[in-house]
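What follows is target05.txt (compact mmCIF, C-alpha atoms and all ligand atoms).
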```txt
# COMPACT_ATOMS: atom_id res chain seq x y z
CA MET M 197 -64.43 -48.89 -19.31
CA THR M 198 -63.02 -47.69 -22.63
CA GLY M 199 -65.30 -44.73 -23.21
CA LEU M 200 -66.55 -46.34 -26.41
CA ILE M 201 -70.26 -45.81 -26.77
CA PRO M 202 -72.22 -48.95 -27.64
CA SER M 203 -74.72 -48.58 -30.48
CA PRO M 204 -78.30 -48.96 -29.33
CA PRO M 205 -79.63 -52.49 -29.98
CA HIS M 206 -80.83 -52.57 -33.55
CA HIS M 207 -84.21 -53.91 -34.58
CA PRO M 208 -85.14 -53.89 -38.27
CA GLY M 209 -87.05 -50.72 -39.06
CA GLN M 210 -86.14 -49.06 -35.78
CA ILE M 211 -85.57 -45.33 -36.18
CA PHE M 212 -82.77 -43.34 -34.52
CA ARG M 213 -83.82 -39.73 -35.12
CA GLY M 214 -80.86 -37.42 -35.52
CA LEU M 215 -78.67 -40.57 -35.40
CA ALA M 216 -78.66 -40.02 -31.63
CA GLY M 217 -76.56 -42.66 -29.91
CA VAL M 218 -75.67 -44.42 -33.16
CA VAL M 219 -72.01 -45.40 -33.71
CA VAL M 220 -71.50 -45.21 -37.48
CA ASP M 221 -67.75 -45.88 -37.80
CA THR M 222 -64.44 -45.99 -35.96
CA THR M 223 -61.96 -43.11 -35.78
CA THR M 224 -58.43 -42.67 -34.43
CA ILE M 225 -58.53 -38.88 -34.45
CA SER M 226 -60.32 -37.89 -31.24
CA MET M 227 -62.34 -39.41 -28.44
CA VAL M 228 -65.23 -37.71 -26.68
CA ASN M 229 -65.67 -39.68 -23.47
CA GLN M 230 -69.20 -39.26 -22.13
CA GLU M 231 -68.40 -41.02 -18.88
CA THR M 232 -65.54 -38.74 -17.85
CA ASN M 233 -66.64 -35.68 -19.87
CA SER M 234 -63.21 -35.60 -21.44
CA LEU M 235 -61.80 -35.07 -24.90
CA THR M 236 -58.54 -36.36 -26.33
CA TYR M 237 -56.91 -35.67 -29.70
CA ARG M 238 -54.88 -38.69 -30.83
CA GLY M 239 -54.77 -39.76 -27.17
CA TYR M 240 -53.68 -36.40 -25.68
CA PRO M 241 -56.09 -34.58 -23.32
CA VAL M 242 -57.09 -31.36 -25.03
CA GLN M 243 -56.43 -29.36 -21.84
CA GLU M 244 -52.78 -30.46 -21.87
CA LEU M 245 -52.48 -29.57 -25.55
CA CYS M 246 -53.81 -26.08 -24.72
CA GLU M 247 -51.18 -25.70 -22.00
CA SER M 248 -48.17 -26.93 -23.97
CA CYS M 249 -48.76 -26.58 -27.71
CA SER M 250 -49.25 -24.05 -30.46
CA PHE M 251 -52.20 -24.42 -32.82
CA GLU M 252 -49.77 -25.37 -35.61
CA GLU M 253 -48.53 -28.34 -33.51
CA VAL M 254 -52.12 -29.46 -32.87
CA ALA M 255 -52.96 -29.20 -36.58
CA TRP M 256 -49.97 -31.41 -37.38
CA LEU M 257 -51.02 -33.86 -34.65
CA LEU M 258 -54.53 -34.19 -36.06
CA TRP M 259 -53.26 -34.78 -39.59
CA HIS M 260 -50.34 -37.09 -38.79
CA GLY M 261 -51.32 -38.84 -35.54
CA GLU M 262 -48.20 -37.69 -33.64
CA LEU M 263 -46.91 -34.32 -32.44
CA PRO M 264 -44.25 -32.91 -34.78
CA THR M 265 -40.52 -32.98 -34.06
CA ALA M 266 -38.79 -29.58 -33.99
CA ASN M 267 -37.65 -30.07 -37.60
CA GLN M 268 -41.09 -31.17 -38.81
CA LEU M 269 -42.70 -28.20 -37.10
CA ALA M 270 -40.21 -25.74 -38.61
CA GLU M 271 -40.78 -27.21 -42.07
CA PHE M 272 -44.57 -27.11 -41.67
CA LYS M 273 -44.49 -23.50 -40.45
CA LEU M 274 -42.44 -22.52 -43.49
CA VAL M 275 -44.91 -24.13 -45.88
CA GLU M 276 -47.88 -22.56 -44.06
CA ARG M 277 -46.33 -19.08 -44.11
CA ASN M 278 -45.70 -19.35 -47.85
CA ARG M 279 -49.27 -20.30 -48.68
CA ARG M 280 -51.16 -17.51 -46.92
CA THR M 281 -51.47 -15.16 -49.89
CA LEU M 282 -54.68 -15.31 -51.92
CA GLY M 283 -54.52 -15.45 -55.70
CA ARG M 284 -56.03 -12.56 -57.65
CA ASN M 285 -58.78 -14.84 -58.99
CA VAL M 286 -60.07 -15.64 -55.50
CA THR M 287 -60.00 -12.06 -54.24
CA SER M 288 -61.72 -10.83 -57.37
CA ALA M 289 -64.43 -13.55 -57.08
CA LEU M 290 -65.02 -12.73 -53.40
CA SER M 291 -65.19 -9.00 -54.11
CA ARG M 292 -68.23 -9.64 -56.34
CA LEU M 293 -70.30 -11.20 -53.53
CA PRO M 294 -73.16 -9.07 -52.15
CA GLU M 295 -71.67 -6.64 -49.62
CA ASP M 296 -74.05 -7.61 -46.84
CA CYS M 297 -73.78 -11.40 -47.17
CA HIS M 298 -72.75 -13.34 -44.08
CA PRO M 299 -68.99 -14.03 -43.75
CA MET M 300 -69.81 -17.77 -43.64
CA ASP M 301 -71.19 -17.38 -47.18
CA VAL M 302 -67.89 -15.75 -48.12
CA LEU M 303 -65.93 -18.68 -46.68
CA ARG M 304 -68.17 -21.28 -48.31
CA THR M 305 -67.70 -19.56 -51.68
CA ALA M 306 -63.97 -19.09 -51.13
CA ILE M 307 -63.31 -22.79 -50.49
CA SER M 308 -65.48 -23.74 -53.44
CA TYR M 309 -63.50 -21.30 -55.60
CA LEU M 310 -60.14 -22.62 -54.35
CA GLY M 311 -61.30 -26.06 -55.48
CA ALA M 312 -62.26 -24.82 -58.93
CA ASP M 313 -58.91 -23.03 -59.20
CA ASP M 314 -56.77 -25.99 -58.06
CA PRO M 315 -54.58 -27.34 -60.90
CA THR M 316 -54.30 -30.67 -59.03
CA GLU M 317 -58.06 -31.24 -59.15
CA GLY M 318 -58.75 -34.97 -59.43
CA LEU M 319 -55.59 -35.94 -57.52
CA ASP M 320 -57.04 -37.13 -54.25
CA ASP M 321 -54.34 -39.36 -52.76
CA ARG M 322 -53.24 -38.65 -49.17
CA ASP M 323 -50.22 -36.50 -50.12
CA HIS M 324 -52.27 -34.25 -52.39
CA ASN M 325 -55.08 -34.01 -49.87
CA LEU M 326 -52.63 -33.09 -47.11
CA ALA M 327 -51.17 -30.34 -49.30
CA LYS M 328 -54.69 -29.05 -50.03
CA SER M 329 -55.51 -29.17 -46.29
CA ILE M 330 -52.44 -27.07 -45.45
CA ASP M 331 -53.37 -24.67 -48.25
CA MET M 332 -56.87 -24.12 -46.83
CA PHE M 333 -55.45 -23.90 -43.28
CA ALA M 334 -53.04 -21.16 -44.43
CA LYS M 335 -55.49 -19.18 -46.59
CA LEU M 336 -58.60 -19.18 -44.38
CA PRO M 337 -57.13 -16.65 -41.90
CA THR M 338 -56.34 -14.28 -44.78
CA ILE M 339 -59.92 -14.57 -46.05
CA VAL M 340 -61.44 -14.07 -42.57
CA ALA M 341 -59.16 -11.09 -41.79
CA PHE M 342 -59.97 -9.43 -45.14
CA GLU M 343 -63.66 -9.93 -44.38
CA GLN M 344 -63.35 -8.51 -40.85
CA ARG M 345 -61.68 -5.37 -42.26
CA ARG M 346 -64.01 -5.05 -45.28
CA ARG M 347 -66.98 -4.94 -42.92
CA ARG M 348 -65.38 -1.92 -41.23
CA GLY M 349 -64.52 -0.21 -44.53
CA LEU M 350 -60.79 -0.83 -43.99
CA GLU M 351 -58.16 -1.82 -46.55
CA PRO M 352 -56.84 -5.39 -46.23
CA ILE M 353 -53.52 -6.04 -44.51
CA LEU M 354 -51.39 -8.59 -46.33
CA PRO M 355 -50.04 -11.65 -44.48
CA ASP M 356 -46.62 -11.33 -42.84
CA ALA M 357 -44.47 -14.43 -43.34
CA ASN M 358 -42.28 -13.42 -40.37
CA LEU M 359 -45.13 -13.96 -37.93
CA GLY M 360 -46.63 -17.18 -36.54
CA TYR M 361 -50.18 -18.27 -37.34
CA ALA M 362 -51.96 -16.48 -34.47
CA GLU M 363 -49.93 -13.25 -34.49
CA ASN M 364 -50.15 -12.92 -38.27
CA PHE M 365 -53.92 -13.44 -38.25
CA LEU M 366 -54.55 -10.94 -35.47
CA GLN M 367 -52.31 -8.37 -37.13
CA MET M 368 -54.18 -8.83 -40.43
CA CYS M 369 -57.44 -8.18 -38.55
CA PHE M 370 -56.49 -5.32 -36.24
CA GLY M 371 -53.33 -3.79 -37.71
CA GLU M 372 -51.30 -4.74 -34.63
CA ILE M 373 -50.54 -7.75 -32.48
CA PRO M 374 -52.78 -7.59 -29.39
CA PRO M 375 -51.50 -8.17 -25.81
CA ALA M 376 -50.13 -11.64 -25.04
CA GLU M 377 -53.18 -12.79 -23.05
CA GLN M 378 -55.42 -12.10 -26.05
CA VAL M 379 -53.12 -13.98 -28.42
CA ARG M 380 -53.13 -16.91 -25.99
CA ALA M 381 -56.93 -16.85 -25.58
CA PHE M 382 -57.26 -16.91 -29.35
CA GLU M 383 -54.82 -19.81 -29.69
CA VAL M 384 -56.62 -21.78 -26.95
CA SER M 385 -59.92 -21.27 -28.79
CA MET M 386 -58.34 -22.57 -31.99
CA ILE M 387 -57.07 -25.70 -30.22
CA LEU M 388 -60.40 -26.37 -28.47
CA TYR M 389 -62.48 -25.89 -31.62
CA ALA M 390 -60.18 -28.01 -33.81
CA GLU M 391 -61.78 -31.42 -33.51
CA HIS M 392 -64.76 -33.16 -31.92
CA SER M 393 -65.34 -36.59 -33.51
CA PHE M 394 -68.52 -37.09 -35.57
CA ASN M 395 -70.19 -33.72 -34.95
CA ALA M 396 -72.66 -32.49 -37.61
CA SER M 397 -70.17 -30.64 -39.84
CA THR M 398 -67.48 -33.33 -39.66
CA PHE M 399 -70.03 -36.01 -40.41
CA THR M 400 -71.22 -33.90 -43.35
CA ALA M 401 -67.63 -33.81 -44.65
CA ARG M 402 -67.37 -37.60 -44.26
CA VAL M 403 -70.70 -38.17 -46.08
CA VAL M 404 -69.53 -36.08 -49.04
CA THR M 405 -66.11 -37.77 -49.02
CA SER M 406 -67.75 -41.21 -48.93
CA THR M 407 -69.09 -40.58 -52.46
CA LEU M 408 -65.44 -40.11 -53.54
CA SER M 409 -66.07 -36.42 -54.17
CA ASP M 410 -63.13 -34.02 -53.65
CA ILE M 411 -61.83 -32.43 -50.45
CA TYR M 412 -63.04 -28.90 -51.36
CA SER M 413 -66.60 -30.16 -51.90
CA ALA M 414 -66.49 -31.88 -48.51
CA VAL M 415 -65.18 -28.75 -46.74
CA THR M 416 -67.67 -26.50 -48.54
CA ALA M 417 -70.52 -28.72 -47.32
CA ALA M 418 -69.05 -28.80 -43.81
CA ILE M 419 -68.99 -24.99 -43.70
CA GLY M 420 -72.69 -25.02 -44.59
CA ALA M 421 -73.39 -27.43 -41.72
CA LEU M 422 -71.33 -25.43 -39.24
CA LYS M 423 -73.16 -22.20 -40.07
CA GLY M 424 -76.39 -23.32 -38.37
CA PRO M 425 -77.15 -21.95 -34.87
CA LEU M 426 -77.55 -25.45 -33.41
CA HIS M 427 -73.87 -26.04 -34.30
CA GLY M 428 -71.10 -23.45 -34.91
CA GLY M 429 -73.47 -20.54 -35.42
CA ALA M 430 -74.18 -20.74 -31.69
CA ASN M 431 -71.08 -18.69 -30.77
CA GLU M 432 -72.57 -15.70 -32.61
CA ALA M 433 -76.02 -16.35 -31.13
CA VAL M 434 -74.50 -16.36 -27.60
CA MET M 435 -73.21 -12.83 -28.01
CA HIS M 436 -76.56 -11.59 -29.36
CA LEU M 437 -78.22 -13.23 -26.37
CA LEU M 438 -75.84 -11.67 -23.80
CA ALA M 439 -76.40 -8.28 -25.47
CA GLU M 440 -80.17 -8.81 -25.35
CA ILE M 441 -80.03 -9.58 -21.61
CA GLY M 442 -77.87 -6.49 -21.20
CA ASP M 443 -77.48 -6.45 -17.45
CA VAL M 444 -76.97 -9.08 -14.77
CA ALA M 445 -80.18 -7.94 -13.05
CA ASN M 446 -82.14 -8.99 -16.16
CA VAL M 447 -80.92 -12.58 -16.22
CA GLU M 448 -83.67 -14.16 -14.13
CA PRO M 449 -86.67 -12.34 -15.72
CA TRP M 450 -85.18 -12.76 -19.19
CA LEU M 451 -84.71 -16.50 -18.71
CA LYS M 452 -88.20 -16.92 -17.26
CA GLN M 453 -89.69 -15.28 -20.34
CA ALA M 454 -87.39 -17.26 -22.67
CA PHE M 455 -88.76 -20.50 -21.20
CA VAL M 456 -92.33 -19.22 -21.56
CA ASP M 457 -91.53 -18.53 -25.23
CA LYS M 458 -89.95 -22.02 -25.48
CA ARG M 459 -86.68 -20.53 -26.70
CA LYS M 460 -83.50 -22.55 -26.96
CA ILE M 461 -80.77 -20.82 -24.95
CA MET M 462 -77.80 -20.65 -27.27
CA GLY M 463 -74.47 -21.90 -25.97
CA PHE M 464 -76.16 -24.45 -23.70
CA GLY M 465 -76.73 -28.17 -24.10
CA HIS M 466 -74.89 -30.77 -26.11
CA ARG M 467 -75.82 -33.94 -27.95
CA VAL M 468 -72.97 -35.93 -26.40
CA TYR M 469 -71.99 -34.21 -23.14
CA LYS M 470 -74.93 -34.21 -20.79
CA ASN M 471 -72.94 -33.35 -17.63
CA GLY M 472 -70.80 -30.53 -18.95
CA ASP M 473 -68.65 -29.87 -22.01
CA SER M 474 -65.03 -30.79 -21.22
CA ARG M 475 -63.73 -27.73 -23.09
CA VAL M 476 -65.72 -25.09 -21.21
CA PRO M 477 -63.54 -24.72 -18.06
CA THR M 478 -60.40 -24.12 -20.17
CA MET M 479 -62.09 -21.47 -22.32
CA THR M 480 -63.84 -19.86 -19.34
CA ALA M 481 -60.44 -19.49 -17.64
CA GLU M 482 -59.29 -17.46 -20.66
CA LEU M 483 -62.44 -15.33 -20.42
CA ARG M 484 -61.69 -14.63 -16.76
CA LYS M 485 -58.13 -13.56 -17.63
CA LEU M 486 -59.43 -11.18 -20.30
CA THR M 487 -61.86 -9.60 -17.83
CA SER M 488 -59.43 -9.47 -14.89
CA ASP M 489 -58.93 -5.69 -15.31
CA GLY M 490 -62.56 -5.24 -14.23
CA LYS M 491 -63.54 -3.28 -17.36
CA SER M 492 -65.99 -5.94 -18.52
CA ALA M 493 -67.21 -6.97 -15.07
CA ASP M 494 -70.87 -6.59 -16.18
CA LEU M 495 -70.43 -8.99 -19.06
CA LEU M 496 -68.71 -11.55 -16.83
CA ALA M 497 -71.38 -11.21 -14.14
CA THR M 498 -74.14 -11.80 -16.71
CA TYR M 499 -72.19 -14.74 -18.12
CA ASP M 500 -71.86 -16.35 -14.68
CA ALA M 501 -75.45 -15.61 -13.64
CA LEU M 502 -76.96 -17.12 -16.80
CA ALA M 503 -74.81 -20.27 -16.50
CA ALA M 504 -75.82 -20.68 -12.85
CA ALA M 505 -79.51 -20.11 -13.61
CA MET M 506 -79.53 -22.61 -16.50
CA LEU M 507 -77.98 -25.23 -14.27
CA ARG M 508 -80.34 -24.54 -11.38
CA VAL M 509 -83.56 -24.29 -13.41
CA LYS M 510 -82.94 -26.74 -16.28
CA ASP M 511 -79.87 -28.73 -15.25
CA ILE M 512 -78.31 -27.84 -18.62
CA HIS M 513 -74.60 -27.02 -18.86
CA PRO M 514 -72.90 -24.55 -21.21
CA ASN M 515 -71.06 -25.79 -24.30
CA LEU M 516 -67.83 -24.40 -25.80
CA ASP M 517 -69.68 -21.69 -27.74
CA TYR M 518 -70.79 -20.07 -24.48
CA PRO M 519 -67.36 -18.78 -23.31
CA THR M 520 -65.99 -18.41 -26.84
CA GLY M 521 -68.60 -15.83 -27.89
CA PRO M 522 -67.66 -13.28 -25.19
CA VAL M 523 -63.93 -14.04 -25.60
CA TYR M 524 -64.10 -13.14 -29.31
CA HIS M 525 -66.18 -10.06 -28.46
CA LEU M 526 -63.59 -8.86 -25.93
CA MET M 527 -60.84 -9.43 -28.48
CA GLY M 528 -62.61 -6.97 -30.79
CA PHE M 529 -64.08 -9.26 -33.47
CA ASP M 530 -67.44 -8.38 -35.03
CA ILE M 531 -70.11 -10.95 -34.13
CA PRO M 532 -70.56 -12.31 -37.72
CA ILE M 533 -66.84 -13.20 -37.72
CA PHE M 534 -67.19 -15.61 -34.74
CA THR M 535 -68.31 -18.70 -36.70
CA PRO M 536 -65.68 -18.11 -39.43
CA LEU M 537 -63.09 -18.24 -36.60
CA PHE M 538 -64.51 -21.69 -35.78
CA VAL M 539 -63.97 -22.66 -39.45
CA MET M 540 -60.30 -21.56 -39.29
CA SER M 541 -59.86 -24.05 -36.48
CA ARG M 542 -62.14 -26.94 -37.51
CA ILE M 543 -60.56 -27.08 -40.99
CA THR M 544 -57.92 -29.24 -39.26
CA GLY M 545 -60.42 -31.76 -37.87
CA TRP M 546 -62.51 -31.84 -41.04
CA THR M 547 -59.56 -32.54 -43.29
CA ALA M 548 -58.13 -35.17 -40.90
CA HIS M 549 -61.51 -36.94 -41.06
CA ILE M 550 -61.71 -36.62 -44.85
CA MET M 551 -58.33 -38.35 -45.16
CA GLU M 552 -59.34 -41.00 -42.62
CA GLN M 553 -62.63 -41.67 -44.44
CA LEU M 554 -60.71 -42.26 -47.68
CA GLU M 555 -58.36 -44.76 -46.00
CA SER M 556 -61.18 -47.32 -45.73
CA ASN M 557 -64.12 -45.78 -47.50
CA SER M 558 -67.65 -47.09 -47.46
CA LEU M 559 -70.49 -45.05 -49.00
CA ILE M 560 -72.57 -43.48 -46.20
CA ARG M 561 -76.17 -44.12 -47.14
CA PRO M 562 -78.68 -44.75 -44.34
CA LEU M 563 -82.29 -45.85 -44.79
CA SER M 564 -85.52 -44.02 -44.09
CA SER M 565 -88.95 -45.24 -43.11
CA TYR M 566 -91.59 -44.02 -45.56
CA VAL M 567 -94.69 -42.61 -43.84
CA GLY M 568 -96.28 -40.70 -46.77
CA VAL M 569 -99.46 -41.46 -48.71
CA GLU M 570 -99.90 -45.01 -49.98
CA GLN M 571 -99.12 -45.83 -53.60
CA ARG M 572 -101.78 -44.38 -55.91
CA LYS M 573 -102.48 -43.82 -59.57
CA VAL M 574 -101.53 -40.56 -61.31
CA PRO M 575 -104.87 -38.89 -62.22
CA THR M 576 -105.48 -37.50 -65.71
CA LEU M 577 -105.95 -33.72 -65.79
CA ALA M 578 -109.62 -32.82 -65.50
CA GLY M 579 -111.07 -30.61 -68.28
N1 LIG O 1 -81.98 -24.32 -24.16
C1 LIG O 1 -83.14 -24.78 -23.66
N2 LIG O 1 -83.47 -26.07 -23.61
C2 LIG O 1 -82.57 -26.95 -24.08
C3 LIG O 1 -81.34 -26.55 -24.61
C4 LIG O 1 -81.06 -25.18 -24.63
N3 LIG O 1 -79.92 -24.73 -25.14
N4 LIG O 1 -80.65 -27.63 -25.00
C5 LIG O 1 -81.42 -28.68 -24.72
N5 LIG O 1 -82.58 -28.27 -24.17
C6 LIG O 1 -83.69 -29.11 -23.74
C7 LIG O 1 -84.60 -29.40 -24.93
O1 LIG O 1 -85.61 -28.43 -25.07
C8 LIG O 1 -85.13 -30.75 -24.58
O2 LIG O 1 -86.13 -30.60 -23.63
P1 LIG O 1 -87.44 -31.53 -23.67
O3 LIG O 1 -86.92 -32.94 -23.50
O4 LIG O 1 -88.27 -31.03 -22.54
O5 LIG O 1 -88.05 -31.32 -25.02
C9 LIG O 1 -83.96 -31.43 -23.91
O6 LIG O 1 -83.17 -30.38 -23.34
C10 LIG O 1 -83.11 -32.24 -24.87
O7 LIG O 1 -82.66 -31.36 -25.88
P2 LIG O 1 -82.48 -31.75 -27.39
O8 LIG O 1 -82.51 -30.53 -28.25
O9 LIG O 1 -83.42 -32.86 -27.76
O10 LIG O 1 -81.02 -32.35 -27.33
P3 LIG O 1 -80.13 -32.62 -28.55
O11 LIG O 1 -79.07 -33.54 -28.09
O12 LIG O 1 -80.92 -33.01 -29.73
O13 LIG O 1 -79.56 -31.15 -28.89
C11 LIG O 1 -78.29 -29.22 -29.01
C12 LIG O 1 -78.31 -30.70 -28.59
C13 LIG O 1 -78.79 -29.08 -30.47
C14 LIG O 1 -76.86 -28.71 -28.93
C15 LIG O 1 -79.21 -28.41 -28.08
O14 LIG O 1 -78.77 -28.54 -26.75
C16 LIG O 1 -79.31 -26.96 -28.49
O15 LIG O 1 -80.13 -26.61 -29.35
N6 LIG O 1 -78.46 -26.06 -27.88
C17 LIG O 1 -78.42 -24.67 -28.27
C18 LIG O 1 -77.56 -24.49 -29.52
C19 LIG O 1 -76.08 -24.61 -29.20
O16 LIG O 1 -75.58 -24.08 -28.24
N7 LIG O 1 -75.36 -25.33 -30.09
C20 LIG O 1 -73.92 -25.51 -29.97
C21 LIG O 1 -73.57 -26.98 -29.86
S1 LIG O 1 -71.88 -27.24 -29.39
C22 LIG O 1 -70.94 -26.79 -30.70
O17 LIG O 1 -71.36 -26.75 -31.83
C23 LIG O 1 -69.51 -26.41 -30.39
```

Produce structure tokens that represent the structure in this file.
Amino acid sequence: MTGLIPSPPHHPGQIFRGLAGVVVDTTTISMVNQETNSLTYRGYPVQELCESCSFEEVAWLLWHGELPTANQLAEFKLVERNRRTLGRNVTSALSRLPEDCHPMDVLRTAISYLGADDPTEGLDDRDHNLAKSIDMFAKLPTIVAFEQRRRRGLEPILPDANLGYAENFLQMCFGEIPPAEQVRAFEVSMILYAEHSFNASTFTARVVTSTLSDIYSAVTAAIGALKGPLHGGANEAVMHLLAEIGDVANVEPWLKQAFVDKRKIMGFGHRVYKNGDSRVPTMTAELRKLTSDGKSADLLATYDALAAAMLRVKDIHPNLDYPTGPVYHLMGFDIPIFTPLFVMSRITGWTAHIMEQLESNSLIRPLSSYVGVEQRKVPTLAG
């Protein structure tokens, strides 16, 4: 078995709501294997990438198809470090947004602004798009860190070109580099969130790209798709939910009531994985390391009890957002920053897909089945 998913047999007029089970194109970027519940990026199991690679290496892999050589990595890191600083135009535009808007709105506006401000607008060949991808990859952490500090009434910390991607970002957020296990947990989350085939936001980016629109428009639209709680917004919703439950003793009664109220339990279920998300064990291991000092034993106990109850009562497994929410909380991020962290990572997958879509583009334009009122005459206005 190859792990390729056959499209359902097609009959004219048949409807596949939510495109469930429909294979719309090929990709060489990642493979989600439903049979083995596994995920590979360019052929490499994501768990092995988490063990052996930095996020910068994984970004390069997604864009180029191979892991970088030492020289390629050094060159890429240099370029990335030199592109972190935001221009005055962007910071001034972002400073005029309503103070209480969601950080995902800030990111969506920021990418849109970067597009408007790009002197190479209209140049959409692979080399230009790769340069634009690296630019967004380098600038997004600066934008997210500024936003994290602004929310706390703190002055921004400028990027430090002497530090790697993860250390620089965390220093810009918290004013210091956190302990090694936190840096590693953060890096693992970046690698796990980076790419996941034709998920809703990536598909959105490919739809926009298929009209031959520009890369910034595609990423702006993808950010909008990721914001929703059924997709990336779930990592924030998980933390609200764990806070609402409050104590491990409340898990069972809370869940019982949630089912009575027909609530969706955020961080559980997946369109593709029905027997467990392949990324969850790796991220949960990081959560266990962060709670090994016993200080957050209550949170971990609630986490474990809810996962066990969901499996027992509904046979539904957690998805990646379930462990990532509490990991980001324990690292000290504010909840509204969680989905922007997802954006910092998924920018790599989105842009790899945008470039792949352009390599053999075909306009994405499905059909719909009209079920509205039958054709009728426009009445003349009475009186
Ligand atoms: N809580 C309660 N019930 C659920 C959940 C859940 N989280 N997920 C699925 N179900 C139930 C549905 O109610 C449905 O039951 P029914 O057949 O009795 O009506 C059944 O399982 C099938 O669920 P669907 O929503 O139809 O499955 P679909 O593949 O369309 O949805 C989705 C997948 C959207 C992820 C869904 O599981 C969900 O809403 N989960 C919560 C949001 C979430 O965690 N999203 C993150 C996704 S992963 C990511 O973005 C990294």

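Applying the 7 Å criterion to (-67.4, -16.0, -42.1) in file coordinates and using only C-alpha atoms, one obtains the residues M:His298, M:Pro299, M:Met300, M:Asp301, M:Val302, M:Leu303, M:Val340, M:Pro532, M:Ile533, M:Thr535, M:Pro536.
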
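Residue nearest Leu559 (chain M) within the list M:Gln268, M:Ser409, M:Ser248, M:Ser234: M:Ser409 [criterion: smallest interatomic distance, all atoms listed in the file].
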
At a cut-off of 6 Å and counting only C-alpha atoms and all ligand atoms, what residues surround ligand LIG 1 (chain O)? Please answer as a JSON list (two decimals) with C-alpha atoms, in the frame of the given file.
```json
[["chain", "number", "residue", "atom", "x", "y", "z"],
["M", 425, "PRO", "CA", -77.15, -21.95, -34.87],
["M", 426, "LEU", "CA", -77.55, -25.45, -33.41],
["M", 427, "HIS", "CA", -73.87, -26.04, -34.30],
["M", 428, "GLY", "CA", -71.10, -23.45, -34.91],
["M", 430, "ALA", "CA", -74.18, -20.74, -31.69],
["M", 460, "LYS", "CA", -83.50, -22.55, -26.96],
["M", 461, "ILE", "CA", -80.77, -20.82, -24.95],
["M", 462, "MET", "CA", -77.80, -20.65, -27.27],
["M", 463, "GLY", "CA", -74.47, -21.90, -25.97],
["M", 464, "PHE", "CA", -76.16, -24.45, -23.70],
["M", 465, "GLY", "CA", -76.73, -28.17, -24.10],
["M", 466, "HIS", "CA", -74.89, -30.77, -26.11],
["M", 467, "ARG", "CA", -75.82, -33.94, -27.95],
["M", 515, "ASN", "CA", -71.06, -25.79, -24.30],
["M", 516, "LEU", "CA", -67.83, -24.40, -25.80],
["M", 517, "ASP", "CA", -69.68, -21.69, -27.74]]
```

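Going from CA of Asp494 (chain M) over to CA of Leu438 (chain M), you cover 10.4 Å.
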
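If all atoms listed in the file are the atoms counted, then among M:Leu269, M:Ala357, M:Cys297, M:Val403 the closest residue to Pro562 (chain M) is M:Val403.
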
Which is closest to Thr224 (chain M) among M:Val415, M:Leu258, M:Ala433, M:Leu245, if we use only C-alpha atoms? M:Leu258

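A straight line drawn from CA of Asp473 (chain M) to CA of Gly442 (chain M) is 25.1 Å long.
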
I'd like the contact shell of Thr316 (chain M) - 12 Å cut-off, all atoms listed in the file, skipping same-chain residues fewer than 3 positions apart - returned as a list in words. Leu310, Gly311, Ala312, Asp313, Leu319, Asp320, Asp321, Asp323, His324, Asn325, Ala327, Lys328, Asp410, Ile411 and Tyr412 of chain M

Which residue out of M:Leu554, M:Ala418, M:Met332, M:Ile512 has the minimum interatomic distance to Glu276 (chain M) when only C-alpha atoms are used? M:Met332

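One finds CA of Ser226 (chain M) at 25.1 Å from CA of Arg304 (chain M).
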
Nearby residues, (-68.1, -6.1, -31.5) file frame, 12 Å, all atoms listed in the file, as a ChimeraX atom specification: /M:344,347-348,432,435-436,439,521-534

Could you please take those selected residues and save C-alpha atoms as an mmCIF file, in the coordinates of the input?
```cif
data_model
loop_
_atom_site.group_PDB
_atom_site.id
_atom_site.type_symbol
_atom_site.label_atom_id
_atom_site.label_comp_id
_atom_site.auth_asym_id
_atom_site.auth_seq_id
_atom_site.Cartn_x
_atom_site.Cartn_y
_atom_site.Cartn_z
ATOM 1 C CA GLN M 344 -63.350 -8.510 -40.850
ATOM 2 C CA ARG M 347 -66.980 -4.940 -42.920
ATOM 3 C CA ARG M 348 -65.380 -1.920 -41.230
ATOM 4 C CA GLU M 432 -72.570 -15.700 -32.610
ATOM 5 C CA MET M 435 -73.210 -12.830 -28.010
ATOM 6 C CA HIS M 436 -76.560 -11.590 -29.360
ATOM 7 C CA ALA M 439 -76.400 -8.280 -25.470
ATOM 8 C CA GLY M 521 -68.600 -15.830 -27.890
ATOM 9 C CA PRO M 522 -67.660 -13.280 -25.190
ATOM 10 C CA VAL M 523 -63.930 -14.040 -25.600
ATOM 11 C CA TYR M 524 -64.100 -13.140 -29.310
ATOM 12 C CA HIS M 525 -66.180 -10.060 -28.460
ATOM 13 C CA LEU M 526 -63.590 -8.860 -25.930
ATOM 14 C CA MET M 527 -60.840 -9.430 -28.480
ATOM 15 C CA GLY M 528 -62.610 -6.970 -30.790
ATOM 16 C CA PHE M 529 -64.080 -9.260 -33.470
ATOM 17 C CA ASP M 530 -67.440 -8.380 -35.030
ATOM 18 C CA ILE M 531 -70.110 -10.950 -34.130
ATOM 19 C CA PRO M 532 -70.560 -12.310 -37.720
ATOM 20 C CA ILE M 533 -66.840 -13.200 -37.720
ATOM 21 C CA PHE M 534 -67.190 -15.610 -34.740
#
```

So, with all atoms listed in the file as the atoms that count, which of M:Asn229, M:Thr398, M:Asp296, M:Ile373 lies closest to Glu552 (chain M)? M:Thr398

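Comparing the minimum interatomic distances between Glu377 (chain M) and each of M:Ile353, M:Cys249, M:Ile441, M:Leu486, counting only C-alpha atoms, we find that M:Leu486 sits nearest.
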